[in-house]
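*Asks:* Handing you this structure, nothing more for now.
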Amino acid sequence: MKNESLNGTLVMVSPDLENDPARGQGKIALVNYESLHDNEIYVAFEGGREAIYHPDALLRLKGKEEILAELMDNGSEIRGNDYKDLCKITMLQDRGTAKAEWQALEIVQQNPRIKNAALEPAKPGIAIELQKSYSR
């Protein structure tokens, strides 16, 4: 997953992003192009509007297995509606279609409490590299 291209991947702009000239916080977008050299990701929003983001600003769905593991490990601590929403997301992931993935991201949009359980950085390797460089 480290060197995997994000082209064609559905992502969500981090709702916590402070400085966003494109005003895409919390919105779903499709990755059009990933510039590894410039560390920029070009995305298109619904309606055709485009923007450029740093990989740290984008989130994507965790794998189904990771979400299910979260449900199994912390199920008793998760609120009822949050538990249901996470289960719906895993069922949508079973479909394996772009429409189902979009619907799963919409569930996260509507219920921000499940963001940490359902989403991960679009490029997890970059966050790890940054942590290592700051830890010295």
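Here's how to read the names in the structure tokens: chain A, B, ... by the order shown, residue numbers from 1 in each chain, ligand numbers from 1 in the order shown.
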I want to know what sits within 8 Å of Gly8 (chain A), based on only C-alpha atoms, with residues of the same chain fewer than 6 positions away left out; could you give that as JSON, numbers by chain?
*Replies:* {"A": [30, 31, 32]}
*Asks:* For the interface of region 14-107 of chain A with region 116-126 of chain A (cut-off 12 Å, counting only C-alpha atoms), please tabulate each contacting residue of region 14-107 of chain A alongside its nearest pair of atoms and their separation in Å to one decimal, rows sorted by chain and increasing number, as JSON lines.
*Replies:*
{"residue": "A:Ser14", "atom": "CA", "partner": "A:Pro121", "partner_atom": "CA", "distance": 9.0}
{"residue": "A:Pro15", "atom": "CA", "partner": "A:Leu119", "partner_atom": "CA", "distance": 11.6}
{"residue": "A:Gly26", "atom": "CA", "partner": "A:Leu119", "partner_atom": "CA", "distance": 11.8}
{"residue": "A:Ala29", "atom": "CA", "partner": "A:Ala122", "partner_atom": "CA", "distance": 11.9}
{"residue": "A:Leu30", "atom": "CA", "partner": "A:Ala122", "partner_atom": "CA", "distance": 11.7}
{"residue": "A:Val31", "atom": "CA", "partner": "A:Ala122", "partner_atom": "CA", "distance": 10.2}
{"residue": "A:Glu34", "atom": "CA", "partner": "A:Lys123", "partner_atom": "CA", "distance": 10.8}
{"residue": "A:Leu36", "atom": "CA", "partner": "A:Lys123", "partner_atom": "CA", "distance": 11.1}
{"residue": "A:Asn39", "atom": "CA", "partner": "A:Ile126", "partner_atom": "CA", "distance": 9.7}
{"residue": "A:Glu40", "atom": "CA", "partner": "A:Lys123", "partner_atom": "CA", "distance": 11.2}
{"residue": "A:Ile41", "atom": "CA", "partner": "A:Ala122", "partner_atom": "CA", "distance": 10.0}
{"residue": "A:Tyr53", "atom": "CA", "partner": "A:Ala122", "partner_atom": "CA", "distance": 11.1}
{"residue": "A:His54", "atom": "CA", "partner": "A:Lys123", "partner_atom": "CA", "distance": 9.8}
{"residue": "A:Pro55", "atom": "CA", "partner": "A:Lys123", "partner_atom": "CA", "distance": 6.1}
{"residue": "A:Asp56", "atom": "CA", "partner": "A:Pro121", "partner_atom": "CA", "distance": 6.5}
{"residue": "A:Ala57", "atom": "CA", "partner": "A:Pro121", "partner_atom": "CA", "distance": 7.9}
{"residue": "A:Leu58", "atom": "CA", "partner": "A:Ala122", "partner_atom": "CA", "distance": 5.4}
{"residue": "A:Leu59", "atom": "CA", "partner": "A:Pro121", "partner_atom": "CA", "distance": 4.5}
{"residue": "A:Arg60", "atom": "CA", "partner": "A:Ala122", "partner_atom": "CA", "distance": 5.2}
{"residue": "A:Leu61", "atom": "CA", "partner": "A:Leu119", "partner_atom": "CA", "distance": 4.5}
{"residue": "A:Lys62", "atom": "CA", "partner": "A:Leu119", "partner_atom": "CA", "distance": 5.2}
{"residue": "A:Gly63", "atom": "CA", "partner": "A:Ala118", "partner_atom": "CA", "distance": 8.4}
{"residue": "A:Lys64", "atom": "CA", "partner": "A:Ala118", "partner_atom": "CA", "distance": 8.9}
{"residue": "A:Glu65", "atom": "CA", "partner": "A:Ala118", "partner_atom": "CA", "distance": 10.8}
{"residue": "A:Glu66", "atom": "CA", "partner": "A:Ala118", "partner_atom": "CA", "distance": 8.4}
{"residue": "A:Ile67", "atom": "CA", "partner": "A:Ala118", "partner_atom": "CA", "distance": 6.1}
{"residue": "A:Leu68", "atom": "CA", "partner": "A:Ala117", "partner_atom": "CA", "distance": 9.6}
{"residue": "A:Ala69", "atom": "CA", "partner": "A:Ala117", "partner_atom": "CA", "distance": 9.8}
{"residue": "A:Glu70", "atom": "CA", "partner": "A:Ala117", "partner_atom": "CA", "distance": 6.8}
{"residue": "A:Leu71", "atom": "CA", "partner": "A:Ala117", "partner_atom": "CA", "distance": 8.7}
{"residue": "A:Met72", "atom": "CA", "partner": "A:Ala117", "partner_atom": "CA", "distance": 11.8}
{"residue": "A:Asp73", "atom": "CA", "partner": "A:Ala117", "partner_atom": "CA", "distance": 11.4}
{"residue": "A:Asn74", "atom": "CA", "partner": "A:Ala117", "partner_atom": "CA", "distance": 10.0}
{"residue": "A:Gly75", "atom": "CA", "partner": "A:Ala117", "partner_atom": "CA", "distance": 11.2}
{"residue": "A:Ile78", "atom": "CA", "partner": "A:Ala117", "partner_atom": "CA", "distance": 10.0}
{"residue": "A:Asp82", "atom": "CA", "partner": "A:Ala117", "partner_atom": "CA", "distance": 9.7}
{"residue": "A:Tyr83", "atom": "CA", "partner": "A:Ala117", "partner_atom": "CA", "distance": 10.1}
{"residue": "A:Asp85", "atom": "CA", "partner": "A:Ala118", "partner_atom": "CA", "distance": 9.6}
{"residue": "A:Leu86", "atom": "CA", "partner": "A:Ala118", "partner_atom": "CA", "distance": 7.1}
{"residue": "A:Cys87", "atom": "CA", "partner": "A:Ala118", "partner_atom": "CA", "distance": 10.2}
{"residue": "A:Lys88", "atom": "CA", "partner": "A:Ala118", "partner_atom": "CA", "distance": 11.0}
{"residue": "A:Ile89", "atom": "CA", "partner": "A:Ala118", "partner_atom": "CA", "distance": 8.1}
{"residue": "A:Thr90", "atom": "CA", "partner": "A:Ala118", "partner_atom": "CA", "distance": 9.3}
{"residue": "A:Gln93", "atom": "CA", "partner": "A:Ala118", "partner_atom": "CA", "distance": 11.4}
{"residue": "A:Glu101", "atom": "CA", "partner": "A:Ala118", "partner_atom": "CA", "distance": 11.8}
{"residue": "A:Ala104", "atom": "CA", "partner": "A:Ala118", "partner_atom": "CA", "distance": 9.2}
{"residue": "A:Leu105", "atom": "CA", "partner": "A:Leu119", "partner_atom": "CA", "distance": 8.8}
{"residue": "A:Glu106", "atom": "CA", "partner": "A:Ala118", "partner_atom": "CA", "distance": 11.5}
{"residue": "A:Ile107", "atom": "CA", "partner": "A:Ala118", "partner_atom": "CA", "distance": 9.8}
*Asks:* My list of candidates is A:Asp38, A:Asp94, A:Glu50, A:Glu4. Which is closest to Pro21 (chain A) when distances are computed with only C-alpha atoms?
*Replies:* A:Glu50
*Asks:* Got a sec to tell me which of chain A DSSP assigns to strand (DSSP E), as a ChimeraX atom specification?
*Replies:* /A:10-13,28-35,40-45,50-53,58-61,119-121
*Asks:* Closest to Val11 (chain A) among A:Ser35, A:Glu77, A:Arg95, A:Gln109, using only C-alpha atoms?
*Replies:*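 Of the candidates, the smallest distance to Val11 (chain A) is held by A:Gln109.
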